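Novice: Just passing along the structure, written as structure tokens.
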Amino acid sequence: MTTFLGLLLRRFALLVVLLALVFTVVSVLPGDAARAALDRDASPELLAAKRHELGLDRPLPQRFWSWLCGVFTGDFGSTVRGRPVGDLLAAAAPQTLLLGGLALVLTVVAALGLGMWWAARPSGWLARVLQPTTAMVVALPEFVVAAVLIMVFSFAAGWLPAVTVAGRSGFPARPDMLVLPVLALAIPHIGWNTRVVRGALADAGRAPHVEQAALEGLAQAPLLFRHVLPVALPTIVASVATTVGMLFGGALVVESLFNYPGLGALLAGSISDRDTALTAATAAVAGVVIMAVLLLSDGVRAWAIRGRR
């Protein structure tokens with residue numbers, strides 16, 4: 001319990017440091033939030049009044065501390081245009097969670113299936129295909145994958161839309177609008193996690209108790225699920241937990257390319273407006289989700305190790 005609390009406090013402190021860094025970087029970018037909120041021909045007096053209203057005339061550490069104290073009470077502040085940040089996050093977060101959740105499920109299912117097949121038949125035809133293919137897709141950033149998918153399935157074939165149109169609920173108006181964004185986000189991570197699953201299963205298969213079970217004639221399926229997979233599970237879970245953070249980072253690019261109405265588009269607009277409160281709040285939401293997933297990963301890993309002992 002003490003170890004878990006210490007881990008939680010360390011990750012929370014790291015999150016605060018990262019938020020301070022985000023706050024600082026956005027504040028020192030060229031441009032001005034007051035000018036972004038007003039017309040270009042606004043007078044110096046009006047700009048000065050807007051800067052005072054937004055608190056931009058206060059020292060940066062004081063502004064960050066004031067914002068952070070508000071977050072602890074559930075107040076994320078207001079944007080430079082006067083809209084409550086909490087309302088914007090509440091409206092955009094479900095769309096990103098839908099996109100990221102579908103991409104994560106697809107990644108886990110595909111990586112487990114392909115990785116187990118590859119480990120069970122290391123000399124088969126699928127292994128010969130996966131060896132170069134997974135290495136190639138891992139090296140491709142999401143925007144390249146998205147561009148290729150748009151050119152092939154939207155422009156050339158005309159099967160799927162290249163742009164997302166939000167319906168009245170704020171979610172994509174049609175289910176097929178999710179296909180290309182989910183694939184663009186998931187494909188690089190399927191390649192990486194497939195290789196991780198295959199490597200973890202191959203390493204676990206060389207454990208003495210696994211080799212003993214194989215010599216005793218245990219069938220391949222029970223051998224895999226009873227003996228090999230539990231040993232490989234901590235490595236696989238850690239890789240999936242890391243993937244969650246990567247998915248949040250890739251969502252910014254993917255949502256911008258497909259005009260998807262989620263946190264990525266919200267973050268891009270906040271940086272354009274030099275809106276430190278909205279940028280930091282979006283980063284805070286992503287950080288909390290990633291921290292929760294990492295803690296869950298640590299719990300699963302501890303459970304797996306304890307079970308082996």
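Residues in the structure tokens are numbered from 1 in each chain, the chains being A, B, ... in the order shown, and ligands are numbered from 1 in the order shown.
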Against stretch 185-190 of chain A, which residues of stretch 214-272 of chain A fall within 12 Å? For each one I want the closest pair of atoms and the distance in Å (one decimal), counting only C-alpha atoms, rows by chain and increasing residue number, as JSON lines.
Specialist:
{"residue": "A:Ser239", "atom": "CA", "partner": "A:His189", "partner_atom": "CA", "distance": 9.7}
{"residue": "A:Val240", "atom": "CA", "partner": "A:His189", "partner_atom": "CA", "distance": 9.0}
{"residue": "A:Ala241", "atom": "CA", "partner": "A:His189", "partner_atom": "CA", "distance": 11.5}
{"residue": "A:Thr242", "atom": "CA", "partner": "A:His189", "partner_atom": "CA", "distance": 10.0}
{"residue": "A:Thr243", "atom": "CA", "partner": "A:His189", "partner_atom": "CA", "distance": 6.8}
{"residue": "A:Val244", "atom": "CA", "partner": "A:His189", "partner_atom": "CA", "distance": 9.6}
{"residue": "A:Gly245", "atom": "CA", "partner": "A:His189", "partner_atom": "CA", "distance": 11.1}
{"residue": "A:Met246", "atom": "CA", "partner": "A:His189", "partner_atom": "CA", "distance": 8.4}
{"residue": "A:Leu247", "atom": "CA", "partner": "A:Leu185", "partner_atom": "CA", "distance": 6.7}
{"residue": "A:Phe248", "atom": "CA", "partner": "A:Leu185", "partner_atom": "CA", "distance": 9.4}
{"residue": "A:Gly249", "atom": "CA", "partner": "A:Leu185", "partner_atom": "CA", "distance": 9.8}
{"residue": "A:Gly250", "atom": "CA", "partner": "A:Leu185", "partner_atom": "CA", "distance": 6.4}
{"residue": "A:Ala251", "atom": "CA", "partner": "A:Leu185", "partner_atom": "CA", "distance": 6.9}
{"residue": "A:Leu252", "atom": "CA", "partner": "A:Leu185", "partner_atom": "CA", "distance": 10.1}
{"residue": "A:Val253", "atom": "CA", "partner": "A:Leu185", "partner_atom": "CA", "distance": 9.1}
{"residue": "A:Val254", "atom": "CA", "partner": "A:Leu185", "partner_atom": "CA", "distance": 6.8}
{"residue": "A:Glu255", "atom": "CA", "partner": "A:Leu185", "partner_atom": "CA", "distance": 9.5}
{"residue": "A:Leu257", "atom": "CA", "partner": "A:Leu185", "partner_atom": "CA", "distance": 11.4}
{"residue": "A:Phe258", "atom": "CA", "partner": "A:Leu185", "partner_atom": "CA", "distance": 11.4}
Novice: Which residues, written as a ChimeraX atom specification, have at least one atom at most 6 Å from stretch 230-236 of chain A, with only C-alpha atoms counted and residues fewer than 6 positions away on the same chain left out?
Specialist: /A:197,200-201,204,301
Novice: For atom CA of A:Ala92 and atom CA of A:Leu266, quote the distance in Å rounded to one decimal.
Specialist: 7.3 Å
Novice: Set the distance at 10 Å and use only C-alpha atoms: which residues neighbour A:Leu294 once local chain neighbours fewer than 2 positions away are removed? I'd like the list as a PDB file with all heavy atoms, in the first residue's frame.
Specialist:
ATOM      1  N   ARG A  11       3.957  10.031  -9.728  1.00  0.00           N
ATOM      2  CA  ARG A  11       3.358  10.282 -11.041  1.00  0.00           C
ATOM      3  C   ARG A  11       2.515  11.552 -11.018  1.00  0.00           C
ATOM      4  O   ARG A  11       2.450  12.268 -12.019  1.00  0.00           O
ATOM      5  CB  ARG A  11       2.527   9.069 -11.468  1.00  0.00           C
ATOM      6  CG  ARG A  11       3.416   7.908 -11.871  1.00  0.00           C
ATOM      7  CD  ARG A  11       2.667   6.743 -12.419  1.00  0.00           C
ATOM      8  NE  ARG A  11       3.593   5.743 -12.928  1.00  0.00           N
ATOM      9  CZ  ARG A  11       3.257   4.495 -13.188  1.00  0.00           C
ATOM     10  NH1 ARG A  11       2.014   4.084 -12.987  1.00  0.00           N
ATOM     11  NH2 ARG A  11       4.160   3.649 -13.657  1.00  0.00           N
ATOM     12  N   VAL A 237       0.965  -6.196 -21.203  1.00  0.00           N
ATOM     13  CA  VAL A 237       0.173  -5.146 -20.562  1.00  0.00           C
ATOM     14  C   VAL A 237       0.946  -3.830 -20.524  1.00  0.00           C
ATOM     15  O   VAL A 237       0.380  -2.753 -20.768  1.00  0.00           O
ATOM     16  CB  VAL A 237      -0.244  -5.574 -19.143  1.00  0.00           C
ATOM     17  CG1 VAL A 237      -0.853  -4.416 -18.376  1.00  0.00           C
ATOM     18  CG2 VAL A 237      -1.249  -6.718 -19.227  1.00  0.00           C
ATOM     19  N   ALA A 238       2.232  -3.892 -20.223  1.00  0.00           N
ATOM     20  CA  ALA A 238       3.044  -2.672 -20.199  1.00  0.00           C
ATOM     21  C   ALA A 238       3.091  -2.024 -21.580  1.00  0.00           C
ATOM     22  O   ALA A 238       3.034  -0.795 -21.707  1.00  0.00           O
ATOM     23  CB  ALA A 238       4.460  -2.997 -19.722  1.00  0.00           C
ATOM     24  N   VAL A 240       0.759  -2.286 -23.943  1.00  0.00           N
ATOM     25  CA  VAL A 240      -0.570  -1.721 -24.217  1.00  0.00           C
ATOM     26  C   VAL A 240      -0.763  -0.415 -23.447  1.00  0.00           C
ATOM     27  O   VAL A 240      -1.327   0.556 -23.974  1.00  0.00           O
ATOM     28  CB  VAL A 240      -1.668  -2.741 -23.850  1.00  0.00           C
ATOM     29  CG1 VAL A 240      -3.049  -2.103 -23.928  1.00  0.00           C
ATOM     30  CG2 VAL A 240      -1.596  -3.945 -24.782  1.00  0.00           C
ATOM     31  N   ALA A 241      -0.293  -0.369 -22.197  1.00  0.00           N
ATOM     32  CA  ALA A 241      -0.406   0.861 -21.412  1.00  0.00           C
ATOM     33  C   ALA A 241       0.367   2.001 -22.065  1.00  0.00           C
ATOM     34  O   ALA A 241      -0.106   3.145 -22.110  1.00  0.00           O
ATOM     35  CB  ALA A 241       0.104   0.623 -19.996  1.00  0.00           C
ATOM     36  N   THR A 242       1.553   1.708 -22.578  1.00  0.00           N
ATOM     37  CA  THR A 242       2.316   2.732 -23.302  1.00  0.00           C
ATOM     38  C   THR A 242       1.580   3.165 -24.552  1.00  0.00           C
ATOM     39  O   THR A 242       1.599   4.343 -24.930  1.00  0.00           O
ATOM     40  CB  THR A 242       3.704   2.180 -23.672  1.00  0.00           C
ATOM     41  OG1 THR A 242       4.367   1.731 -22.489  1.00  0.00           O
ATOM     42  CG2 THR A 242       4.549   3.234 -24.343  1.00  0.00           C
ATOM     43  N   VAL A 244      -1.564   3.479 -24.955  1.00  0.00           N
ATOM     44  CA  VAL A 244      -2.628   4.438 -24.633  1.00  0.00           C
ATOM     45  C   VAL A 244      -2.097   5.868 -24.722  1.00  0.00           C
ATOM     46  O   VAL A 244      -2.732   6.755 -25.300  1.00  0.00           O
ATOM     47  CB  VAL A 244      -3.203   4.153 -23.236  1.00  0.00           C
ATOM     48  CG1 VAL A 244      -4.191   5.241 -22.834  1.00  0.00           C
ATOM     49  CG2 VAL A 244      -3.890   2.798 -23.224  1.00  0.00           C
ATOM     50  N   GLY A 245      -0.919   6.101 -24.137  1.00  0.00           N
ATOM     51  CA  GLY A 245      -0.330   7.434 -24.223  1.00  0.00           C
ATOM     52  C   GLY A 245      -0.009   7.832 -25.648  1.00  0.00           C
ATOM     53  O   GLY A 245      -0.223   8.981 -26.052  1.00  0.00           O
ATOM     54  N   VAL A 288      -4.167  12.541 -16.866  1.00  0.00           N
ATOM     55  CA  VAL A 288      -4.879  11.752 -15.850  1.00  0.00           C
ATOM     56  C   VAL A 288      -5.283  10.397 -16.420  1.00  0.00           C
ATOM     57  O   VAL A 288      -5.156   9.355 -15.755  1.00  0.00           O
ATOM     58  CB  VAL A 288      -6.112  12.523 -15.342  1.00  0.00           C
ATOM     59  CG1 VAL A 288      -7.014  11.617 -14.514  1.00  0.00           C
ATOM     60  CG2 VAL A 288      -5.677  13.721 -14.507  1.00  0.00           C
ATOM     61  N   VAL A 289      -5.768  10.394 -17.661  1.00  0.00           N
ATOM     62  CA  VAL A 289      -6.151   9.120 -18.285  1.00  0.00           C
ATOM     63  C   VAL A 289      -4.942   8.205 -18.425  1.00  0.00           C
ATOM     64  O   VAL A 289      -4.994   7.007 -18.095  1.00  0.00           O
ATOM     65  CB  VAL A 289      -6.808   9.375 -19.655  1.00  0.00           C
ATOM     66  CG1 VAL A 289      -7.026   8.060 -20.398  1.00  0.00           C
ATOM     67  CG2 VAL A 289      -8.136  10.100 -19.480  1.00  0.00           C
ATOM     68  N   ILE A 290      -3.831   8.761 -18.909  1.00  0.00           N
ATOM     69  CA  ILE A 290      -2.616   7.962 -19.091  1.00  0.00           C
ATOM     70  C   ILE A 290      -2.107   7.450 -17.741  1.00  0.00           C
ATOM     71  O   ILE A 290      -1.703   6.284 -17.615  1.00  0.00           O
ATOM     72  CB  ILE A 290      -1.537   8.796 -19.803  1.00  0.00           C
ATOM     73  CG1 ILE A 290      -1.983   9.104 -21.235  1.00  0.00           C
ATOM     74  CG2 ILE A 290      -0.201   8.069 -19.813  1.00  0.00           C
ATOM     75  CD1 ILE A 290      -1.103  10.111 -21.951  1.00  0.00           C
ATOM     76  N   MET A 291      -2.134   8.305 -16.713  1.00  0.00           N
ATOM     77  CA  MET A 291      -1.676   7.888 -15.384  1.00  0.00           C
ATOM     78  C   MET A 291      -2.547   6.763 -14.845  1.00  0.00           C
ATOM     79  O   MET A 291      -2.029   5.801 -14.244  1.00  0.00           O
ATOM     80  CB  MET A 291      -1.690   9.087 -14.434  1.00  0.00           C
ATOM     81  CG  MET A 291      -1.107   8.791 -13.058  1.00  0.00           C
ATOM     82  SD  MET A 291      -0.862  10.281 -12.061  1.00  0.00           S
ATOM     83  CE  MET A 291      -2.576  10.784 -11.812  1.00  0.00           C
ATOM     84  N   ALA A 292      -3.856   6.846 -15.059  1.00  0.00           N
ATOM     85  CA  ALA A 292      -4.748   5.791 -14.585  1.00  0.00           C
ATOM     86  C   ALA A 292      -4.460   4.472 -15.294  1.00  0.00           C
ATOM     87  O   ALA A 292      -4.448   3.402 -14.664  1.00  0.00           O
ATOM     88  CB  ALA A 292      -6.204   6.205 -14.800  1.00  0.00           C
ATOM     89  N   LEU A 296      -3.116   0.953 -13.684  1.00  0.00           N
ATOM     90  CA  LEU A 296      -3.794  -0.321 -13.938  1.00  0.00           C
ATOM     91  C   LEU A 296      -2.803  -1.347 -14.475  1.00  0.00           C
ATOM     92  O   LEU A 296      -2.826  -2.522 -14.093  1.00  0.00           O
ATOM     93  CB  LEU A 296      -4.936  -0.113 -14.931  1.00  0.00           C
ATOM     94  CG  LEU A 296      -5.723  -1.356 -15.339  1.00  0.00           C
ATOM     95  CD1 LEU A 296      -6.400  -1.974 -14.117  1.00  0.00           C
ATOM     96  CD2 LEU A 296      -6.767  -1.015 -16.405  1.00  0.00           C
ATOM     97  N   SER A 297      -1.899  -0.887 -15.356  1.00  0.00           N
ATOM     98  CA  SER A 297      -0.864  -1.777 -15.886  1.00  0.00           C
ATOM     99  C   SER A 297       0.032  -2.298 -14.777  1.00  0.00           C
ATOM    100  O   SER A 297       0.371  -3.496 -14.737  1.00  0.00           O
ATOM    101  CB  SER A 297      -0.028  -1.027 -16.927  1.00  0.00           C
ATOM    102  OG  SER A 297       1.151  -1.717 -17.247  1.00  0.00           O
ATOM    103  N   ASP A 298       0.436  -1.419 -13.856  1.00  0.00           N
ATOM    104  CA  ASP A 298       1.270  -1.849 -12.735  1.00  0.00           C
ATOM    105  C   ASP A 298       0.538  -2.880 -11.871  1.00  0.00           C
ATOM    106  O   ASP A 298       1.136  -3.839 -11.386  1.00  0.00           O
ATOM    107  CB  ASP A 298       1.662  -0.643 -11.881  1.00  0.00           C
ATOM    108  CG  ASP A 298       2.607   0.295 -12.616  1.00  0.00           C
ATOM    109  OD1 ASP A 298       3.303  -0.170 -13.537  1.00  0.00           O
ATOM    110  OD2 ASP A 298       2.625   1.497 -12.273  1.00  0.00           O
ATOM    111  N   GLY A 299      -0.760  -2.668 -11.672  1.00  0.00           N
ATOM    112  CA  GLY A 299      -1.539  -3.613 -10.881  1.00  0.00           C
ATOM    113  C   GLY A 299      -1.622  -4.981 -11.533  1.00  0.00           C
ATOM    114  O   GLY A 299      -1.465  -6.008 -10.870  1.00  0.00           O
ATOM    115  N   VAL A 300      -1.871  -4.998 -12.854  1.00  0.00           N
ATOM    116  CA  VAL A 300      -1.939  -6.272 -13.571  1.00  0.00           C
ATOM    117  C   VAL A 300      -0.589  -6.979 -13.550  1.00  0.00           C
ATOM    118  O   VAL A 300      -0.495  -8.192 -13.364  1.00  0.00           O
ATOM    119  CB  VAL A 300      -2.419  -6.046 -15.017  1.00  0.00           C
ATOM    120  CG1 VAL A 300      -2.305  -7.331 -15.833  1.00  0.00           C
ATOM    121  CG2 VAL A 300      -3.855  -5.538 -15.026  1.00  0.00           C
TER     122      VAL A 300
END
Novice: Running DSSP on the backbone, which parts of stretch 104-269 of chain A land in helix (DSSP H, G or I), as an NGL selection string?
Specialist: :A and (104-120 or 125-138 or 142-156 or 175-205 or 208-215 or 220-257 or 263-269)
Novice: With only C-alpha atoms as the basis for distance, which of A:Ser270, A:Met116, A:Asp203, A:Leu295 is at the shortest distance from A:Val85?
Specialist: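 Closest candidate: A:Ser270.
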Novice: Give me, as a PyMOL selection string, all polymer residues having an atom no more than 8 Å from A:Val108, counting only C-alpha atoms and skipping those fewer than 3 positions away in the same chain.
Specialist: chain A and resi 104-105+111-112+190+193+240
